[in-house]
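S.K.: work.tsv is reproduced in full below (TSV, C-alpha atoms).
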```
chain	number	residue	atom	x	y	z
S	1	MET	CA	-11.50	7.92	1.29
S	2	ARG	CA	-7.98	8.59	2.49
S	3	LEU	CA	-4.65	9.32	0.85
S	4	GLN	CA	-1.95	6.66	0.88
S	5	LEU	CA	1.73	7.45	1.22
S	6	ALA	CA	4.05	4.46	0.60
S	7	LEU	CA	7.61	5.11	1.74
S	8	ASN	CA	10.81	3.18	1.22
S	9	VAL	CA	12.59	2.96	4.57
S	10	ARG	CA	16.09	1.88	5.53
S	11	ASP	CA	15.11	0.03	8.75
S	12	ILE	CA	11.50	-1.14	9.24
S	13	ASP	CA	11.70	-1.41	13.05
S	14	GLU	CA	13.17	2.09	13.40
S	15	ALA	CA	10.52	3.53	11.04
S	16	VAL	CA	7.61	1.77	12.78
S	17	ASP	CA	8.81	3.07	16.15
S	18	TYR	CA	9.04	6.63	14.81
S	19	TYR	CA	5.65	6.68	13.03
S	20	ARG	CA	3.91	5.00	15.98
S	21	LYS	CA	5.08	7.95	18.10
S	22	LEU	CA	4.42	10.59	15.45
S	23	PHE	CA	0.78	9.60	14.87
S	24	ASN	CA	0.15	8.02	18.30
S	25	VAL	CA	-1.26	4.86	16.71
S	26	ALA	CA	-0.12	1.24	16.42
S	27	PRO	CA	0.45	-0.30	12.99
S	28	HIS	CA	-2.64	-1.83	11.39
S	29	LYS	CA	-0.52	-4.57	9.81
S	30	ARG	CA	3.06	-5.75	10.35
S	31	ARG	CA	5.01	-8.29	8.25
S	32	PRO	CA	8.75	-8.80	7.72
S	33	GLY	CA	9.95	-5.71	5.84
S	34	TYR	CA	6.44	-4.19	5.77
S	35	ALA	CA	4.09	-2.18	7.96
S	36	ASN	CA	1.03	-0.04	7.40
S	37	PHE	CA	-0.79	2.43	9.58
S	38	ALA	CA	-4.50	3.15	8.97
S	39	ILE	CA	-4.65	6.62	10.54
S	40	ASP	CA	-8.00	8.31	11.16
S	41	GLU	CA	-6.68	11.81	11.95
S	42	PRO	CA	-5.33	12.91	9.58
S	43	PRO	CA	-6.98	10.38	7.25
S	44	VAL	CA	-3.96	8.68	5.72
S	45	LYS	CA	-2.79	5.14	5.02
S	46	LEU	CA	0.95	5.16	5.71
S	47	VAL	CA	2.76	2.20	4.15
S	48	LEU	CA	6.38	1.44	5.06
S	49	LEU	CA	8.45	-0.83	2.81
S	50	GLU	CA	11.90	-1.84	3.97
S	51	ASN	CA	13.98	-1.10	0.90
S	52	PRO	CA	17.36	0.30	2.07
S	53	ASP	CA	18.83	0.59	-1.44
S	54	ALA	CA	15.89	2.44	-3.00
S	55	PRO	CA	17.02	5.57	-4.85
S	56	GLU	CA	13.87	7.44	-3.76
S	57	ARG	CA	12.05	7.66	-0.41
S	58	ILE	CA	8.59	7.73	-2.00
S	59	ASN	CA	7.64	4.29	-3.30
S	60	HIS	CA	4.21	5.33	-4.62
S	61	LEU	CA	1.13	7.35	-3.69
S	62	GLY	CA	-2.47	6.32	-3.64
S	63	VAL	CA	-6.07	6.93	-2.78
S	64	GLU	CA	-7.77	4.24	-0.70
S	65	VAL	CA	-11.53	4.05	-1.17
S	66	PHE	CA	-13.96	1.76	0.56
S	67	ASP	CA	-15.98	0.30	-2.31
S	68	ALA	CA	-15.17	-1.00	-5.78
S	69	ALA	CA	-17.55	1.45	-7.48
S	70	HIS	CA	-15.17	4.30	-6.61
S	71	VAL	CA	-12.27	2.40	-8.21
S	72	ARG	CA	-14.32	1.83	-11.38
S	73	GLU	CA	-15.29	5.52	-11.46
S	74	ALA	CA	-11.65	6.55	-11.07
S	75	GLY	CA	-10.61	4.11	-13.80
S	76	SER	CA	-13.20	5.54	-16.20
S	77	ARG	CA	-12.13	9.09	-15.41
S	78	LEU	CA	-8.42	8.29	-15.85
S	79	GLU	CA	-9.09	6.42	-19.10
S	80	ALA	CA	-11.13	9.35	-20.48
S	81	ALA	CA	-8.25	11.67	-19.58
S	82	ASP	CA	-5.79	9.27	-21.30
S	83	ILE	CA	-3.74	8.78	-18.11
S	84	LEU	CA	-4.81	5.25	-17.10
S	85	ALA	CA	-1.70	3.05	-16.98
S	86	GLU	CA	-3.05	-0.25	-15.62
S	87	THR	CA	-6.11	-1.94	-14.08
S	88	GLU	CA	-5.84	-4.83	-11.62
S	89	GLU	CA	-8.74	-6.91	-10.30
S	90	GLN	CA	-8.48	-8.80	-7.01
S	91	VAL	CA	-4.68	-8.99	-6.85
S	92	VAL	CA	-2.74	-9.65	-3.67
S	93	CYS	CA	-0.39	-6.78	-3.00
S	94	CYS	CA	0.87	-5.19	0.21
S	95	HIS	CA	-0.44	-8.21	2.10
S	96	ALA	CA	-4.07	-7.60	1.09
S	97	GLU	CA	-6.33	-8.48	-1.84
S	98	GLN	CA	-7.12	-5.33	-3.82
S	99	THR	CA	-8.82	-4.01	-6.92
S	100	LYS	CA	-7.02	-0.96	-8.29
S	101	VAL	CA	-6.13	1.32	-11.13
S	102	TRP	CA	-2.72	2.91	-11.71
S	103	SER	CA	-1.58	6.15	-13.31
S	104	ASP	CA	1.99	7.37	-13.88
S	105	GLU	CA	2.52	11.11	-13.57
S	106	PRO	CA	4.79	12.83	-16.14
S	107	GLN	CA	7.92	12.59	-13.95
S	108	GLY	CA	7.36	8.90	-13.20
S	109	LEU	CA	5.66	8.91	-9.79
S	110	ARG	CA	3.06	6.09	-9.59
S	111	TRP	CA	-0.43	6.68	-8.20
S	112	GLU	CA	-2.93	3.97	-7.37
S	113	TRP	CA	-6.66	4.25	-6.68
S	114	TYR	CA	-7.68	1.11	-4.79
S	115	VAL	CA	-10.10	-0.77	-2.55
S	116	ILE	CA	-9.09	-3.61	-0.21
S	117	THR	CA	-11.36	-6.58	-0.84
S	118	ASP	CA	-9.70	-8.93	1.68
S	119	ASP	CA	-7.30	-7.60	4.35
S	120	ALA	CA	-5.95	-11.05	5.31
S	121	PRO	CA	-5.81	-13.24	2.19
S	122	VAL	CA	-4.37	-16.73	2.20
S	123	ARG	CA	-2.80	-17.17	-1.25
S	124	VAL	CA	0.25	-16.26	-3.30
S	125	ALA	CA	0.75	-12.68	-4.45
S	126	THR	CA	1.46	-12.32	-8.14
S	127	SER	CA	0.52	-8.70	-8.80
S	128	ALA	CA	2.73	-6.52	-10.98
S	129	CYS	CA	3.26	-4.33	-7.91
S	130	CYS	CA	4.93	-7.18	-6.06
S	131	ASP	CA	8.55	-8.20	-6.09
S	132	GLY	CA	7.86	-11.84	-6.95
S	133	PRO	CA	5.48	-14.30	-5.31
S	134	VAL	CA	4.84	-13.77	-1.60
S	135	ALA	CA	3.07	-16.37	0.52
S	136	GLU	CA	0.24	-14.67	2.40
S	137	ALA	CA	-1.14	-15.91	5.69
S	138	ALA	CA	-4.19	-14.85	7.65
S	139	VAL	CA	-3.37	-12.80	10.73
S	140	PRO	CA	-5.56	-11.84	13.66
S	141	ALA	CA	-6.86	-8.25	13.60
S	142	THR	CA	-4.98	-7.69	16.87
S	143	GLY	CA	-1.89	-6.83	14.85
S	144	GLY	CA	-0.03	-10.12	15.21
S	145	SER	CA	2.43	-11.11	12.56
S	146	ALA	CA	2.72	-14.07	10.24
S	147	GLU	CA	5.70	-15.64	8.57
S	148	VAL	CA	6.13	-14.58	4.97
S	149	SER	CA	8.33	-16.53	2.57
S	150	ALA	CA	9.69	-13.58	0.57
S	151	PRO	CA	10.44	-9.88	0.99
S	152	ALA	CA	7.68	-7.28	1.26
S	153	CYS	CA	5.32	-6.75	-1.63
S	154	CYS	CA	4.66	-3.55	-3.58
S	155	ASP	CA	8.21	-2.67	-4.58
S	156	VAL	CA	6.92	-0.54	-7.43
```
Show how you would write the structure in this file as structure tokens.
M.R.:
Amino acid sequence: MRLQLALNVRDIDEAVDYYRKLFNVAPHKRRPGYANFAIDEPPVKLVLLENPDAPERINHLGVEVFDAAHVREAGSRLEAADILAETEEQVVCCHAEQTKVWSDEPQGLRWEWYVITDDAPVRVATSACCDGPVAEAAVPATGGSAEVSAPACCDV
């Protein structure tokens, strides 16, 4: 399990350069207007979304888990506490297929609890977290990039 911090950034290249140096790690995934870093120490998934006109720097927060049972457990717990906002099964968002649950804290900050079920899907993203359909393309694990037909996903 690791925390996810999704940030809106003004310039994706500038932000990737900075965070590469800060955490001494290359991005796990790079797409036009999007990058993520899967950092082991400290255990964090840092997601960068190029969104220069965003009124807030924090896009959303999350908890990445590594099996769907943890997402179901979180969903049950959030539902019992009456703070479950949404459940999504196998949606393509942030350039990966995911199963997730969402909760909105009282001041409006969105939290997701999610598992990645396919890190390089080849299909169109239609999740509520996405800013319209995004064509996804498989990319080698070496960090190469693929052409994407629309802006970055997950503009929550």
S.K.: Please compute the CA of Tyr18 in chain S-CA of Val63 in chain S distance, one decimal, in Å.
M.R.: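 Distance between the two atoms: 23.2 Å.
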S.K.: Counting all atoms listed in the file, which of S:Glu50, S:Asp119, S:Asp104, S:Asp17 gets nearest to Leu84 in chain S?
M.R.: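 When distances to Leu84 in chain S are compared using all atoms listed in the file, the smallest one comes from S:Asp104.
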S.K.: Considering only C-alpha atoms, state which residue in the set S:Pro106, S:Pro121, S:Gly75, S:Pro27 is at the smallest distance from Leu46 in chain S.
M.R.: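 Closest candidate: S:Pro27.
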S.K.: Compare S:Arg72, S:Arg77, S:Arg110, S:Arg10 by their minimum atom-to-atom distance to Tyr34 in chain S, counting only C-alpha atoms, and give me the closest one.
M.R.: S:Arg10
S.K.: Taking (4.8, 1.4, 14.8) in the file's coordinates as the center, which residues reach within 9 Å of it, counting only C-alpha atoms, put as an NGL selection string?
M.R.: :S and (13-21 or 24-28 or 30 or 35-37)
S.K.: Could you tell me how far CA of Lys100 in chain S lies from CA of Leu61 in chain S, in Å and to one decimal?
M.R.: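 Distance reported for this atom pair: 12.5 Å.
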S.K.: CA of Leu7 in chain S and CA of Glu64 in chain S are how many Å apart?
M.R.: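 Separating CA of Leu7 in chain S from CA of Glu64 in chain S is a distance of 15.6 Å.
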S.K.: Which of these, S:Ala85, S:Cys93, S:Ala120, S:Val9, has the shortest distance to Pro55 in chain S once you count all atoms listed in the file?
M.R.: S:Val9
S.K.: Residues at most 10 Å from Pro42 in chain S, counting only C-alpha atoms, excluding those fewer than 2 positions away in the same chain, as a list in words?
M.R.: Arg2, Leu3, Phe23, Ala38, Ile39, Asp40, Val44 and Lys45 of chain S
S.K.: Nearest to Ile12 in chain S among S:Ile58, S:Ala96, S:Val91, S:Leu48, with distances taken over all atoms listed in the file: which residue is it?
M.R.: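 Nearest candidate to Ile12 in chain S out of S:Ile58, S:Ala96, S:Val91, S:Leu48: S:Leu48.
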S.K.: Applying 12 Å and all atoms listed in the file, which residues near Asn59 in chain S remain after dropping the ones on its own chain fewer than 3 positions away? List them as a list in words.
M.R.: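 Using all atoms listed in the file, the neighbours found are Gln4, Leu5, Ala6, Leu7, Asn8, Val9, Leu46, Val47, Leu48, Leu49, Glu50, Asn51, Pro52, Asp53, Ala54, Pro55, Glu56, Gly62, Gly108, Leu109, Arg110, Trp111, Glu112, Cys129, Cys153, Cys154, Asp155 and Val156 of chain S.
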S.K.: Could you tell me which of S:Trp102, S:Leu22, S:Ile116, S:Lys29 comes closest to Phe66 in chain S if we count only C-alpha atoms?
M.R.: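 The answer is S:Ile116, which sits nearest to Phe66 in chain S.
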